[in-house]
Every structure is written in structure tokens, then in C-alpha cells.
file final.cif (mmCIF, C-alpha atoms)
data_final
#
loop_
_atom_site.group_PDB
_atom_site.id
_atom_site.type_symbol
_atom_site.label_atom_id
_atom_site.label_comp_id
_atom_site.auth_asym_id
_atom_site.auth_seq_id
_atom_site.Cartn_x
_atom_site.Cartn_y
_atom_site.Cartn_z
ATOM 1 C CA MET A 209 -30.685 -33.153 4.799
ATOM 2 C CA VAL A 210 -31.046 -29.988 6.863
ATOM 3 C CA ASN A 211 -30.474 -26.656 5.095
ATOM 4 C CA LEU A 212 -28.163 -24.179 6.812
ATOM 5 C CA GLU A 213 -30.502 -21.360 5.767
ATOM 6 C CA TRP A 214 -33.233 -22.895 7.944
ATOM 7 C CA TYR A 215 -30.988 -22.446 10.970
ATOM 8 C CA ARG A 216 -30.168 -18.858 9.944
ATOM 9 C CA THR A 217 -33.867 -18.130 9.705
ATOM 10 C CA PHE A 218 -34.528 -19.880 13.022
ATOM 11 C CA LYS A 219 -31.832 -17.768 14.693
ATOM 12 C CA SER A 220 -33.323 -14.520 13.353
ATOM 13 C CA VAL A 221 -36.920 -15.428 14.334
ATOM 14 C CA TYR A 222 -35.766 -16.554 17.790
ATOM 15 C CA LYS A 223 -33.850 -13.284 18.301
ATOM 16 C CA ASN A 224 -36.553 -10.950 16.939
ATOM 17 C CA GLY A 225 -39.638 -12.875 18.086
ATOM 18 C CA ASN A 226 -41.309 -11.856 14.864
ATOM 19 C CA PHE A 227 -41.463 -13.291 11.321
ATOM 20 C CA SER A 228 -41.687 -9.850 9.705
ATOM 21 C CA LEU A 229 -38.607 -8.509 11.482
ATOM 22 C CA ALA A 230 -36.708 -11.681 10.623
ATOM 23 C CA ALA A 231 -37.689 -11.283 6.969
ATOM 24 C CA LYS A 232 -36.337 -7.706 6.924
ATOM 25 C CA GLU A 233 -33.095 -8.755 8.602
ATOM 26 C CA LEU A 234 -32.559 -11.635 6.167
ATOM 27 C CA PHE A 235 -33.734 -9.679 3.080
ATOM 28 C CA ILE A 236 -36.327 -12.333 2.214
ATOM 29 C CA SER A 237 -40.126 -12.337 2.196
ATOM 30 C CA GLN A 238 -42.256 -13.192 5.242
ATOM 31 C CA PRO A 239 -43.797 -16.222 3.460
ATOM 32 C CA ALA A 240 -40.269 -17.506 2.844
ATOM 33 C CA VAL A 241 -39.513 -17.206 6.573
ATOM 34 C CA SER A 242 -42.706 -19.111 7.437
ATOM 35 C CA GLN A 243 -41.878 -21.789 4.867
ATOM 36 C CA GLN A 244 -38.324 -22.313 6.159
ATOM 37 C CA ILE A 245 -39.460 -22.533 9.798
ATOM 38 C CA GLY A 246 -42.149 -25.038 8.760
ATOM 39 C CA MET A 247 -39.538 -27.152 6.942
ATOM 40 C CA LEU A 248 -37.204 -27.058 9.957
ATOM 41 C CA GLU A 249 -40.062 -28.096 12.262
ATOM 42 C CA ALA A 250 -40.850 -30.992 9.939
ATOM 43 C CA HIS A 251 -37.184 -32.014 9.948
ATOM 44 C CA VAL A 252 -36.709 -31.966 13.746
ATOM 45 C CA GLY A 253 -40.207 -33.258 14.498
ATOM 46 C CA TYR A 254 -41.169 -30.555 16.999
ATOM 47 C CA LYS A 255 -43.076 -27.271 16.957
ATOM 48 C CA LEU A 256 -40.638 -24.411 17.436
ATOM 49 C CA PHE A 257 -42.790 -21.274 17.764
ATOM 50 C CA ASN A 258 -46.245 -20.443 19.027
ATOM 51 C CA ARG A 259 -48.018 -17.530 17.420
ATOM 52 C CA LYS A 260 -49.084 -14.631 19.625
ATOM 53 C CA SER A 261 -51.008 -11.433 18.923
ATOM 54 C CA LYS A 262 -47.690 -9.646 18.350
ATOM 55 C CA GLY A 263 -45.104 -11.988 16.906
ATOM 56 C CA VAL A 264 -44.195 -15.492 18.029
ATOM 57 C CA GLU A 265 -42.940 -17.164 21.200
ATOM 58 C CA PRO A 266 -40.308 -19.949 21.217
ATOM 59 C CA THR A 267 -41.317 -23.340 22.548
ATOM 60 C CA GLU A 268 -39.192 -25.217 25.069
ATOM 61 C CA TYR A 269 -37.729 -27.288 22.254
ATOM 62 C CA ALA A 270 -36.845 -24.080 20.377
ATOM 63 C CA LYS A 271 -34.965 -22.882 23.458
ATOM 64 C CA LEU A 272 -33.095 -26.195 23.598
ATOM 65 C CA LEU A 273 -32.334 -26.088 19.876
ATOM 66 C CA ASN A 274 -31.067 -22.500 20.161
ATOM 67 C CA ASN A 275 -28.664 -23.486 22.958
ATOM 68 C CA LEU A 276 -27.375 -26.380 20.861
ATOM 69 C CA ILE A 277 -26.749 -24.524 17.609
ATOM 70 C CA ILE A 278 -26.122 -20.862 18.426
ATOM 71 C CA GLU A 279 -22.388 -21.095 19.173
ATOM 72 C CA ALA A 280 -21.622 -23.249 16.136
ATOM 73 C CA LEU A 281 -23.792 -21.067 13.885
ATOM 74 C CA ASP A 282 -22.102 -17.860 15.072
ATOM 75 C CA ARG A 283 -18.685 -19.402 14.490
ATOM 76 C CA LEU A 284 -19.638 -20.531 10.995
ATOM 77 C CA GLU A 285 -21.038 -17.100 10.115
ATOM 78 C CA ASN A 286 -17.843 -15.434 11.355
ATOM 79 C CA VAL A 287 -15.769 -17.713 9.122
ATOM 80 C CA GLU A 288 -18.042 -16.979 6.175
ATOM 81 C CA ASN A 289 -17.933 -13.218 6.738
ATOM 82 C CA GLY A 290 -14.140 -13.296 7.079
ATOM 83 C CA PHE A 291 -13.821 -15.273 3.865
ATOM 84 C CA ARG A 292 -16.073 -12.842 2.012
ATOM 85 C CA ALA A 293 -14.075 -9.885 3.320
ATOM 86 C CA LYS A 294 -10.807 -11.437 2.158
ATOM 87 C CA ALA A 295 -12.273 -12.221 -1.244
ATOM 88 C CA PHE A 296 -13.540 -8.643 -1.510
ATOM 89 C CA ASN A 297 -10.171 -7.201 -0.503
ATOM 90 C CA ALA A 298 -8.320 -9.456 -2.961
ATOM 91 C CA ASN A 299 -10.455 -8.518 -5.967
ATOM 92 C CA ARG A 300 -11.542 -4.924 -5.405
ATOM 93 C CA LEU A 301 -10.047 -1.996 -7.279
ATOM 94 C CA ILE A 302 -7.641 -0.085 -5.053
ATOM 95 C CA SER A 303 -6.246 3.382 -5.746
ATOM 96 C CA VAL A 304 -2.577 4.056 -5.028
ATOM 97 C CA GLY A 305 -0.845 7.413 -5.253
ATOM 98 C CA ILE A 306 2.892 7.548 -5.835
ATOM 99 C CA SER A 307 5.568 9.816 -7.270
ATOM 100 C CA LYS A 308 6.204 8.981 -10.918
ATOM 101 C CA HIS A 309 9.876 8.577 -10.009
ATOM 102 C CA PHE A 310 9.075 5.539 -7.821
ATOM 103 C CA MET A 311 6.574 3.805 -10.092
ATOM 104 C CA ILE A 312 9.026 1.255 -11.497
ATOM 105 C CA SER A 313 11.001 0.597 -8.336
ATOM 106 C CA LEU A 314 8.132 0.580 -5.801
ATOM 107 C CA GLY A 315 4.738 0.793 -7.497
ATOM 108 C CA SER A 316 5.374 -2.147 -9.807
ATOM 109 C CA VAL A 317 6.034 -4.561 -6.918
ATOM 110 C CA LEU A 318 2.312 -4.426 -6.052
ATOM 111 C CA LEU A 319 1.159 -5.777 -9.420
ATOM 112 C CA SER A 320 1.702 -9.437 -8.527
ATOM 113 C CA LYS A 321 -0.431 -9.129 -5.368
ATOM 114 C CA PHE A 322 -3.497 -7.277 -6.660
ATOM 115 C CA ASP A 323 -5.652 -7.751 -9.737
ATOM 116 C CA PHE A 324 -6.907 -4.170 -9.956
ATOM 117 C CA ILE A 325 -4.898 -1.013 -9.138
ATOM 118 C CA ASP A 326 -5.520 2.563 -10.238
ATOM 119 C CA PHE A 327 -2.226 4.463 -9.941
ATOM 120 C CA SER A 328 -2.055 8.263 -9.686
ATOM 121 C CA PHE A 329 1.131 10.327 -9.929
ATOM 122 C CA TYR A 330 1.571 13.196 -7.480
ATOM 123 C CA GLU A 331 4.161 14.419 -4.982
ATOM 124 C CA ASN A 332 4.054 14.196 -1.171
ATOM 125 C CA ASP A 333 1.696 16.994 -0.098
ATOM 126 C CA GLN A 334 -0.802 16.354 -2.876
ATOM 127 C CA LEU A 335 -0.769 12.649 -2.082
ATOM 128 C CA PHE A 336 -1.492 13.346 1.568
ATOM 129 C CA GLU A 337 -4.402 15.647 0.716
ATOM 130 C CA LEU A 338 -5.941 13.034 -1.580
ATOM 131 C CA VAL A 339 -5.678 10.279 1.040
ATOM 132 C CA ASP A 340 -6.895 12.563 3.818
ATOM 133 C CA SER A 341 -9.954 13.501 1.750
ATOM 134 C CA LYS A 342 -10.498 9.790 0.947
ATOM 135 C CA LYS A 343 -10.017 10.302 -2.774
ATOM 136 C CA LEU A 344 -7.151 7.803 -2.686
ATOM 137 C CA ASP A 345 -6.980 4.543 -0.723
ATOM 138 C CA PHE A 346 -3.190 4.533 -0.301
ATOM 139 C CA ALA A 347 -0.130 6.673 -0.982
ATOM 140 C CA ILE A 348 3.615 6.045 -0.909
ATOM 141 C CA VAL A 349 5.346 9.171 0.376
ATOM 142 C CA THR A 350 8.741 10.341 1.638
ATOM 143 C CA LYS A 351 7.371 12.690 4.270
ATOM 144 C CA GLN A 352 5.696 12.081 7.634
ATOM 145 C CA TYR A 353 2.369 13.716 8.425
ATOM 146 C CA ASP A 354 0.887 14.333 11.860
ATOM 147 C CA THR A 355 -2.818 13.518 11.577
ATOM 148 C CA PHE A 356 -5.536 11.569 13.383
ATOM 149 C CA ASP A 357 -7.474 10.665 10.260
ATOM 150 C CA THR A 358 -4.826 8.640 8.453
ATOM 151 C CA THR A 359 -2.621 5.646 9.144
ATOM 152 C CA GLN A 360 1.068 5.994 8.303
ATOM 153 C CA LYS A 361 3.835 3.420 8.654
ATOM 154 C CA ASN A 362 7.545 3.505 7.886
ATOM 155 C CA VAL A 363 8.345 0.848 5.276
ATOM 156 C CA GLY A 364 12.043 1.546 4.726
ATOM 157 C CA LYS A 365 14.712 4.034 3.755
ATOM 158 C CA ILE A 366 16.202 5.332 0.524
ATOM 159 C CA LYS A 367 19.226 7.476 -0.180
ATOM 160 C CA GLN A 368 20.576 9.714 -2.914
ATOM 161 C CA VAL A 369 23.780 8.537 -4.620
ATOM 162 C CA ILE A 370 25.850 9.576 -7.615
ATOM 163 C CA VAL A 371 25.842 7.191 -10.565
ATOM 164 C CA GLY A 372 27.496 7.292 -13.949
ATOM 165 C CA SER A 373 27.522 5.538 -17.291
ATOM 166 C CA SER A 374 29.240 2.168 -17.241
ATOM 167 C CA ALA A 375 31.725 3.295 -19.904
ATOM 168 C CA LEU A 376 32.822 6.324 -17.884
ATOM 169 C CA GLU A 377 36.440 6.304 -16.686
ATOM 170 C CA VAL A 378 36.216 6.984 -12.956
ATOM 171 C CA SER A 379 39.553 5.871 -11.484
ATOM 172 C CA LEU A 380 40.602 9.469 -10.765
ATOM 173 C CA LEU A 381 37.281 10.222 -9.101
ATOM 174 C CA LYS A 382 37.559 7.130 -6.898
ATOM 175 C CA LEU A 383 41.087 8.123 -5.888
ATOM 176 C CA ASN A 384 39.996 11.660 -5.010
ATOM 177 C CA ILE A 385 37.107 10.332 -2.897
ATOM 178 C CA LYS A 386 39.386 7.839 -1.164
ATOM 179 C CA ASN A 387 41.880 10.604 -0.367
ATOM 180 C CA LYS A 388 39.024 12.863 0.794
ATOM 181 C CA ASP A 389 40.148 15.489 -1.685
ATOM 182 C CA PHE A 390 36.721 17.048 -2.077
ATOM 183 C CA ASN A 391 37.909 20.028 -4.087
ATOM 184 C CA ALA A 392 39.308 17.697 -6.726
ATOM 185 C CA THR A 393 36.211 15.488 -6.477
ATOM 186 C CA GLU A 394 33.905 18.439 -7.057
ATOM 187 C CA SER A 395 36.069 19.662 -9.924
ATOM 188 C CA TRP A 396 35.905 16.226 -11.609
ATOM 189 C CA LEU A 397 32.124 16.107 -11.224
ATOM 190 C CA ASN A 398 31.724 19.625 -12.607
ATOM 191 C CA ASP A 399 33.548 18.554 -15.785
ATOM 192 C CA GLN A 400 31.009 15.806 -16.567
ATOM 193 C CA LYS A 401 27.778 15.887 -18.520
ATOM 194 C CA TRP A 402 24.894 15.977 -16.050
ATOM 195 C CA PHE A 403 21.502 14.324 -16.338
ATOM 196 C CA SER A 404 18.570 15.495 -14.204
ATOM 197 C CA HIS A 405 14.835 14.825 -13.940
ATOM 198 C CA ASP A 406 14.085 18.406 -12.853
ATOM 199 C CA ALA A 407 15.357 21.748 -14.158
ATOM 200 C CA GLY A 408 15.672 22.905 -10.549
ATOM 201 C CA ILE A 409 18.146 20.038 -9.894
ATOM 202 C CA PRO A 410 16.808 19.452 -6.328
ATOM 203 C CA HIS A 411 18.658 16.133 -5.871
ATOM 204 C CA ILE A 412 21.970 17.623 -6.942
ATOM 205 C CA LYS A 413 21.548 20.683 -4.717
ATOM 206 C CA LEU A 414 20.735 18.503 -1.717
ATOM 207 C CA PHE A 415 23.764 16.296 -2.363
ATOM 208 C CA TRP A 416 26.051 19.320 -2.634
ATOM 209 C CA LEU A 417 24.603 20.793 0.549
ATOM 210 C CA HIS A 418 25.243 17.692 2.668
ATOM 211 C CA VAL A 419 28.458 16.453 1.075
ATOM 212 C CA PHE A 420 30.266 19.614 -0.016
ATOM 213 C CA ASN A 421 28.555 21.980 2.455
ATOM 214 C CA LYS A 422 27.594 24.264 -0.412
ATOM 215 C CA LYS A 423 24.145 25.594 -1.169
ATOM 216 C CA ARG A 424 24.579 25.581 -4.926
ATOM 217 C CA PRO A 425 26.559 23.359 -7.284
ATOM 218 C CA SER A 426 28.244 25.208 -10.094
ATOM 219 C CA MET A 427 27.241 22.897 -12.968
ATOM 220 C CA VAL A 428 24.231 23.226 -15.253
ATOM 221 C CA PRO A 429 22.347 20.054 -16.234
ATOM 222 C CA ASN A 430 22.932 19.074 -19.844
ATOM 223 C CA TYR A 431 19.820 16.916 -20.177
ATOM 224 C CA ILE A 432 16.513 17.060 -18.302
ATOM 225 C CA ILE A 433 14.307 13.948 -18.513
ATOM 226 C CA PRO A 434 11.145 14.279 -16.341
ATOM 227 C CA SER A 435 11.038 10.673 -15.087
ATOM 228 C CA GLU A 436 13.992 9.508 -12.990
ATOM 229 C CA HIS A 437 13.723 5.903 -14.177
ATOM 230 C CA GLU A 438 13.704 6.956 -17.843
ATOM 231 C CA MET A 439 16.557 9.327 -17.109
ATOM 232 C CA ILE A 440 18.662 6.467 -15.713
ATOM 233 C CA GLU A 441 17.772 4.305 -18.705
ATOM 234 C CA ILE A 442 18.957 7.051 -21.080
ATOM 235 C CA LEU A 443 22.066 7.657 -18.956
ATOM 236 C CA SER A 444 22.967 3.980 -19.298
ATOM 237 C CA ARG A 445 23.205 4.435 -23.079
ATOM 238 C CA ASN A 446 25.200 7.660 -22.986
ATOM 239 C CA LEU A 447 28.115 9.240 -21.112
ATOM 240 C CA GLY A 448 27.347 11.263 -18.029
ATOM 241 C CA VAL A 449 26.521 11.319 -14.317
ATOM 242 C CA SER A 450 23.512 11.986 -12.118
ATOM 243 C CA VAL A 451 22.275 12.065 -8.519
ATOM 244 C CA VAL A 452 19.463 9.507 -8.107
ATOM 245 C CA TRP A 453 17.645 7.484 -5.482
ATOM 246 C CA ASP A 454 19.522 4.266 -4.740
ATOM 247 C CA ILE A 455 16.311 2.208 -5.047
ATOM 248 C CA ASN A 456 15.912 3.398 -8.643
ATOM 249 C CA ALA A 457 19.520 2.680 -9.562
ATOM 250 C CA ARG A 458 19.773 -0.740 -7.858
ATOM 251 C CA ASN A 459 18.792 -2.964 -10.780
ATOM 252 C CA PHE A 460 20.718 -0.892 -13.323
ATOM 253 C CA ILE A 461 23.879 -1.245 -11.210
ATOM 254 C CA ALA A 462 23.313 -4.978 -10.702
ATOM 255 C CA ASP A 463 22.947 -5.425 -14.483
ATOM 256 C CA LYS A 464 26.099 -3.300 -15.010
ATOM 257 C CA LYS A 465 24.216 -0.809 -17.134
ATOM 258 C CA ILE A 466 25.489 2.023 -14.944
ATOM 259 C CA GLN A 467 28.023 2.223 -12.123
ATOM 260 C CA LEU A 468 27.812 3.567 -8.598
ATOM 261 C CA LEU A 469 30.249 6.460 -8.350
ATOM 262 C CA TRP A 470 29.701 7.655 -4.809
ATOM 263 C CA ASN A 471 27.549 6.614 -1.891
ATOM 264 C CA SER A 472 28.648 9.323 0.527
ATOM 265 C CA LYS A 473 28.283 8.758 4.272
ATOM 266 C CA GLU A 474 27.513 12.455 4.583
ATOM 267 C CA MET A 475 24.318 12.064 2.587
ATOM 268 C CA PRO A 476 21.441 11.178 4.968
ATOM 269 C CA SER A 477 18.784 8.562 4.271
ATOM 270 C CA THR A 478 15.151 9.438 3.616
ATOM 271 C CA GLU A 479 12.299 7.431 5.147
ATOM 272 C CA VAL A 480 9.532 5.997 2.976
ATOM 273 C CA PHE A 481 6.001 5.772 4.367
ATOM 274 C CA LEU A 482 2.800 4.008 3.421
ATOM 275 C CA LEU A 483 -0.199 6.255 3.994
ATOM 276 C CA SER A 484 -3.871 5.285 4.159
ATOM 277 C CA ALA A 485 -7.189 6.643 5.375
ATOM 278 C CA LYS A 486 -8.475 4.971 8.539
ATOM 279 C CA LYS A 487 -10.947 2.429 7.168
ATOM 280 C CA ASP A 488 -11.483 -1.051 8.602
ATOM 281 C CA ASN A 489 -11.996 -2.567 5.160
ATOM 282 C CA LEU A 490 -8.521 -1.361 4.090
ATOM 283 C CA ASN A 491 -6.580 -2.930 6.969
ATOM 284 C CA THR A 492 -5.860 -6.264 5.267
ATOM 285 C CA ILE A 493 -4.803 -4.580 2.029
ATOM 286 C CA PHE A 494 -2.636 -2.099 3.953
ATOM 287 C CA GLU A 495 -0.756 -4.992 5.559
ATOM 288 C CA LYS A 496 -0.162 -6.677 2.195
ATOM 289 C CA ILE A 497 1.162 -3.476 0.622
ATOM 290 C CA GLU A 498 3.314 -2.804 3.682
ATOM 291 C CA ILE A 499 4.973 -6.224 3.374
ATOM 292 C CA GLU A 500 5.668 -5.797 -0.342
ATOM 293 C CA LEU A 501 7.212 -2.344 0.114
ATOM 294 C CA LYS A 502 9.377 -3.493 3.022
ATOM 295 C CA ASN A 503 10.668 -6.380 0.916
ATOM 296 C CA ALA A 504 11.419 -4.030 -1.991
ATOM 297 C CA LEU A 505 13.297 -1.604 0.256
ATOM 298 C CA ALA A 506 15.201 -4.242 2.247
#
call {"tool": "encode", "arguments": {"input": "final.cif", "output": "C-alpha cells"}}
result
Amino acid sequence: MVNLEWYRTFKSVYKNGNFSLAAKELFISQPAVSQQIGMLEAHVGYKLFNRKSKGVEPTEYAKLLNNLIIEALDRLENVENGFRAKAFNANRLISVGISKHFMISLGSVLLSKFDFIDFSFYENDQLFELVDSKKLDFAIVTKQYDTFDTTQKNVGKIKQVIVGSSALEVSLLKLNIKNKDFNATESWLNDQKWFSHDAGIPHIKLFWLHVFNKKRPSMVPNYIIPSEHEMIEILSRNLGVSVVWDINARNFIADKKIQLLWNSKEMPSTEVFLLSAKKDNLNTIFEKIEIELKNALA
């Protein structure tokens, strides 16, 4: 039975016209090249190369054999290289940067698709710098960057909403919102216990700015829990309200652990992007992550 490696060696010798160059290209010894060509010649029953002062010259049969096998051999090598690349991409360690607030809702959806992930927690600008300097393979950000050295794609949208504990009595709030009585709505909200993941209450300020057209809300957060997901979990076991990303609250609302109090039309959506350095060997992985994030944000 013919050995595929004999044909690989034949192809390299035919192309280079030299056993030594073929040996370097194939990462084998020159005696091994000579041995494989000799075995192929014995198999086909014809001499394939004539030795010259500098290298070798193909015989007429070698030219015929090359015409017969070269297309099929190239196709087979392309399939093999593609398979190896996919296997490498599937099993390699990838590094993903993400805000700690999105780890549960977005980062965790990648675990079923990759065997090895090194997560890092940073915010938008730091994540961009790490990807741009090729210290991170990928980043999930909520800000668009104008750069030639990275690839960035929109994978969906998220929005800030007000949620509250499931045991909270909210009929008056709902009535005020329905009647568009925003003074009464704001007054009701100010009377509640507030949970936040940041002492600067950026989410709450942004909500007040867009919905109430005020730069500063008048309340002070009662409890500050640094991770938004943990904050929602704690909120679900206590009485209070908070402004959170809808993607983080989705499962809690579905499980009736908390309730959606207000999804205001005045509050704009925020785009989510997948960011990566421009590397050919990351393209397949980028596409897989892109699909998973789009499904999670759908």
C-alpha cells in the first residue's frame, strides 16, 4: 500500500529540485527523503529523479505522476490544514475581557462552547487597550471604538430598567406611571430603599437624566454591592428597588424573584460589541462568540 508521506516527499522534491531543500521543508533528514523516494519508485516501478551536480531532475514519468496527483494532494492537504486549525481553535486557551457586571449574563454563555477561557474583569476603555495591545484575545464592551487594528461587531442591545423586590407593593407606582404623573412617580421612588453597585450611582443618574430630565436624583443609596448580579440576588431577598441592565434582571424576573417596575420608553438602549485584535487565527473563534452573544441578547 502506498504511503501518503511518499507523495508529500515527492511533491517537495519535485518543487525544490533538491533532496536537501525538501528535507528542510518537511522537517525530516535527507536520508529519510532519499529512502521515501526510493520506496515510491519501487512501488510505481519507474525511476522518478535523475541526479545532477546540483540537485535532481524529474524524469518524464515523474512529470506525469506530478500532473496526476498534484491537485488531489493539494486538496487533501487543505482539508488536513483546515481540520487542524479547527481543532486548535476549539481547544486553545482564549482570553476574554468583560465587565464583572456582565459575567453571569453574558460571559457564562461561552462556557459550553470552549474548554479553556481566561476571563479578566475591566471596564470599556481598559478592555479596548488590552485588546489593542494584544494582551487580550477578545472583549465584550458597551462602547464603539474607531480603530484599524481591531475588529468590532455589534452583537445586540441592552437597556437600563427599574426593578424591585417581588414582595414590594407597587400598585400606586404603576398607576402613577400609567397616568404619566412623573412627580408622584419620582416621589414614590425616593421613598424606597435603594440598592446600587456603585457609590456614584451612575445607572440611577442616567435614568433620572433621560426619564425625569434631571441631572441628579435626590435619593441616597442604602446599600452598595459592587457586583450588579450579586446586588440583584440580594435585592430579591430584601425590600427595595434598583436601576439595572435588563439582561442581568431577565432570569430573576422570569423566576419571579424580583419584578420589573418600569421599562421607560424615554430610556435609550445601549449597544453591546464584541472586540478582537485582527488575527486570522481568531476569526473562527470570533464568529462562535458572536453567535453566542447574539443569542443571549436576542
call {"tool": "closest_atom_pairs", "arguments": {"input": "final.cif", "of": "range 452-478 of chain A", "to": "range 409-418 of chain A", "cutoff": "8 Å", "atoms": "only C-alpha atoms", "output": "Markdown table"}}
result
| residue | atom | partner | partner_atom | distance |
| --- | --- | --- | --- | --- |
| A:Val452 | CA | A:His411 | CA | 7.0 |
| A:Glu474 | CA | A:His418 | CA | 6.0 |
| A:Met475 | CA | A:His418 | CA | 5.7 |
| A:Pro476 | CA | A:His418 | CA | 7.9 |
call {"tool": "closest_atom_pairs", "arguments": {"input": "final.cif", "of": "range 317-418 of chain A", "to": "range 429-448 of chain A", "cutoff": "10 Å", "atoms": "all atoms listed in the file", "output": "JSON lines"}}
result
{"residue": "A:Val371", "atom": "CA", "partner": "A:Gly448", "partner_atom": "CA", "distance": 8.6}
{"residue": "A:Gly372", "atom": "CA", "partner": "A:Gly448", "partner_atom": "CA", "distance": 5.7}
{"residue": "A:Ser373", "atom": "CA", "partner": "A:Ser444", "partner_atom": "CA", "distance": 5.2}
{"residue": "A:Ser374", "atom": "CA", "partner": "A:Ser444", "partner_atom": "CA", "distance": 6.8}
{"residue": "A:Ala375", "atom": "CA", "partner": "A:Leu447", "partner_atom": "CA", "distance": 7.1}
{"residue": "A:Leu376", "atom": "CA", "partner": "A:Leu447", "partner_atom": "CA", "distance": 6.4}
{"residue": "A:Glu377", "atom": "CA", "partner": "A:Leu447", "partner_atom": "CA", "distance": 9.9}
{"residue": "A:Leu397", "atom": "CA", "partner": "A:Gly448", "partner_atom": "CA", "distance": 9.6}
{"residue": "A:Asp399", "atom": "CA", "partner": "A:Gly448", "partner_atom": "CA", "distance": 9.8}
{"residue": "A:Gln400", "atom": "CA", "partner": "A:Gly448", "partner_atom": "CA", "distance": 6.0}
{"residue": "A:Lys401", "atom": "CA", "partner": "A:Gly448", "partner_atom": "CA", "distance": 4.7}
{"residue": "A:Trp402", "atom": "CA", "partner": "A:Pro429", "partner_atom": "CA", "distance": 4.8}
{"residue": "A:Phe403", "atom": "CA", "partner": "A:Tyr431", "partner_atom": "CA", "distance": 4.9}
{"residue": "A:Ser404", "atom": "CA", "partner": "A:Ile432", "partner_atom": "CA", "distance": 4.8}
{"residue": "A:His405", "atom": "CA", "partner": "A:Pro434", "partner_atom": "CA", "distance": 4.4}
{"residue": "A:Asp406", "atom": "CA", "partner": "A:Ile432", "partner_atom": "CA", "distance": 6.1}
{"residue": "A:Ala407", "atom": "CA", "partner": "A:Ile432", "partner_atom": "CA", "distance": 6.4}
{"residue": "A:Gly408", "atom": "CA", "partner": "A:Pro429", "partner_atom": "CA", "distance": 9.2}
{"residue": "A:Ile409", "atom": "CA", "partner": "A:Pro429", "partner_atom": "CA", "distance": 7.6}
{"residue": "A:Ile412", "atom": "CA", "partner": "A:Pro429", "partner_atom": "CA", "distance": 9.6}
call {"tool": "resolve_selection", "arguments": {"input": "final.cif", "expression": "the PyMOL selection byres ((chain A and resi 477) around 9)", "output": "count of residues only"}}
result
8
call {"tool": "atom_distance", "arguments": {"input": "final.cif", "atom1": "CA of Lys308 in chain A", "atom2": "CA of Ile466 in chain A"}}
result
20.9 Å
call {"tool": "closest_residue", "arguments": {"input": "final.cif", "among": "A:Asn421, A:Asn226, A:Ser484, A:Asn459", "to": "Asn258 in chain A", "atoms": "all atoms listed in the file"}}
result
A:Asn226
call {"tool": "atom_distance", "arguments": {"input": "final.cif", "atom1": "CA of Ser426 in chain A", "atom2": "CA of Thr393 in chain A"}}
result
13.1 Å
call {"tool": "resolve_selection", "arguments": {"input": "final.cif", "expression": "the PyMOL selection byres ((chain A and resi 355) around 12)", "output": "list in words"}}
result
Phe336, Glu337, Val339, Asp340, Gln352, Tyr353, Asp354, Phe356, Asp357, Thr358, Thr359, Gln360, Leu483, Ser484, Ala485 and Lys486 of chain A
call {"tool": "closest_residue", "arguments": {"input": "final.cif", "among": "A:His251, A:Lys473, A:Arg458, A:Lys342", "to": "Ala504 in chain A", "atoms": "only C-alpha atoms"}}
result
A:Arg458
call {"tool": "resolve_selection", "arguments": {"input": "final.cif", "expression": "the PyMOL selection byres ((chain A and resi 215) around 9)", "output": "list in words"}}
result
Val210, Asn211, Leu212, Glu213, Trp214, Arg216, Thr217, Phe218, Lys219, Ser220, Gln244, Ile245, Leu248, Ile277 and Leu281 of chain A
call {"tool": "atom_distance", "arguments": {"input": "final.cif", "atom1": "CA of Phe227 in chain A", "atom2": "CA of Asn275 in chain A"}}
result
20.1 Å
call {"tool": "residues_around", "arguments": {"input": "final.cif", "residues": "Tyr222 in chain A", "least_positions_apart": "6", "cutoff": "10 Å", "atoms": "all atoms listed in the file", "output": "PDB file with C-alpha atoms, in the coordinates of the input"}}
result
ATOM      1  CA  ARG A 216     -30.168 -18.858   9.944  1.00  0.00           C
ATOM      2  CA  ALA A 230     -36.708 -11.681  10.623  1.00  0.00           C
ATOM      3  CA  LEU A 256     -40.638 -24.411  17.436  1.00  0.00           C
ATOM      4  CA  PHE A 257     -42.790 -21.274  17.764  1.00  0.00           C
ATOM      5  CA  VAL A 264     -44.195 -15.492  18.029  1.00  0.00           C
ATOM      6  CA  GLU A 265     -42.940 -17.164  21.200  1.00  0.00           C
ATOM      7  CA  PRO A 266     -40.308 -19.949  21.217  1.00  0.00           C
ATOM      8  CA  THR A 267     -41.317 -23.340  22.548  1.00  0.00           C
ATOM      9  CA  ALA A 270     -36.845 -24.080  20.377  1.00  0.00           C
ATOM     10  CA  LYS A 271     -34.965 -22.882  23.458  1.00  0.00           C
ATOM     11  CA  ASN A 274     -31.067 -22.500  20.161  1.00  0.00           C
TER      12      ASN A 274
END
call {"tool": "closest_residue", "arguments": {"input": "final.cif", "among": "A:Ile370, A:Val241, A:Val428, A:Val317", "to": "Leu229 in chain A", "atoms": "only C-alpha atoms"}}
result
A:Val241
call {"tool": "closest_residue", "arguments": {"input": "final.cif", "among": "A:Asn503, A:Asn489, A:Arg259, A:Asp282", "to": "Arg300 in chain A", "atoms": "all atoms listed in the file"}}
result
A:Asn489
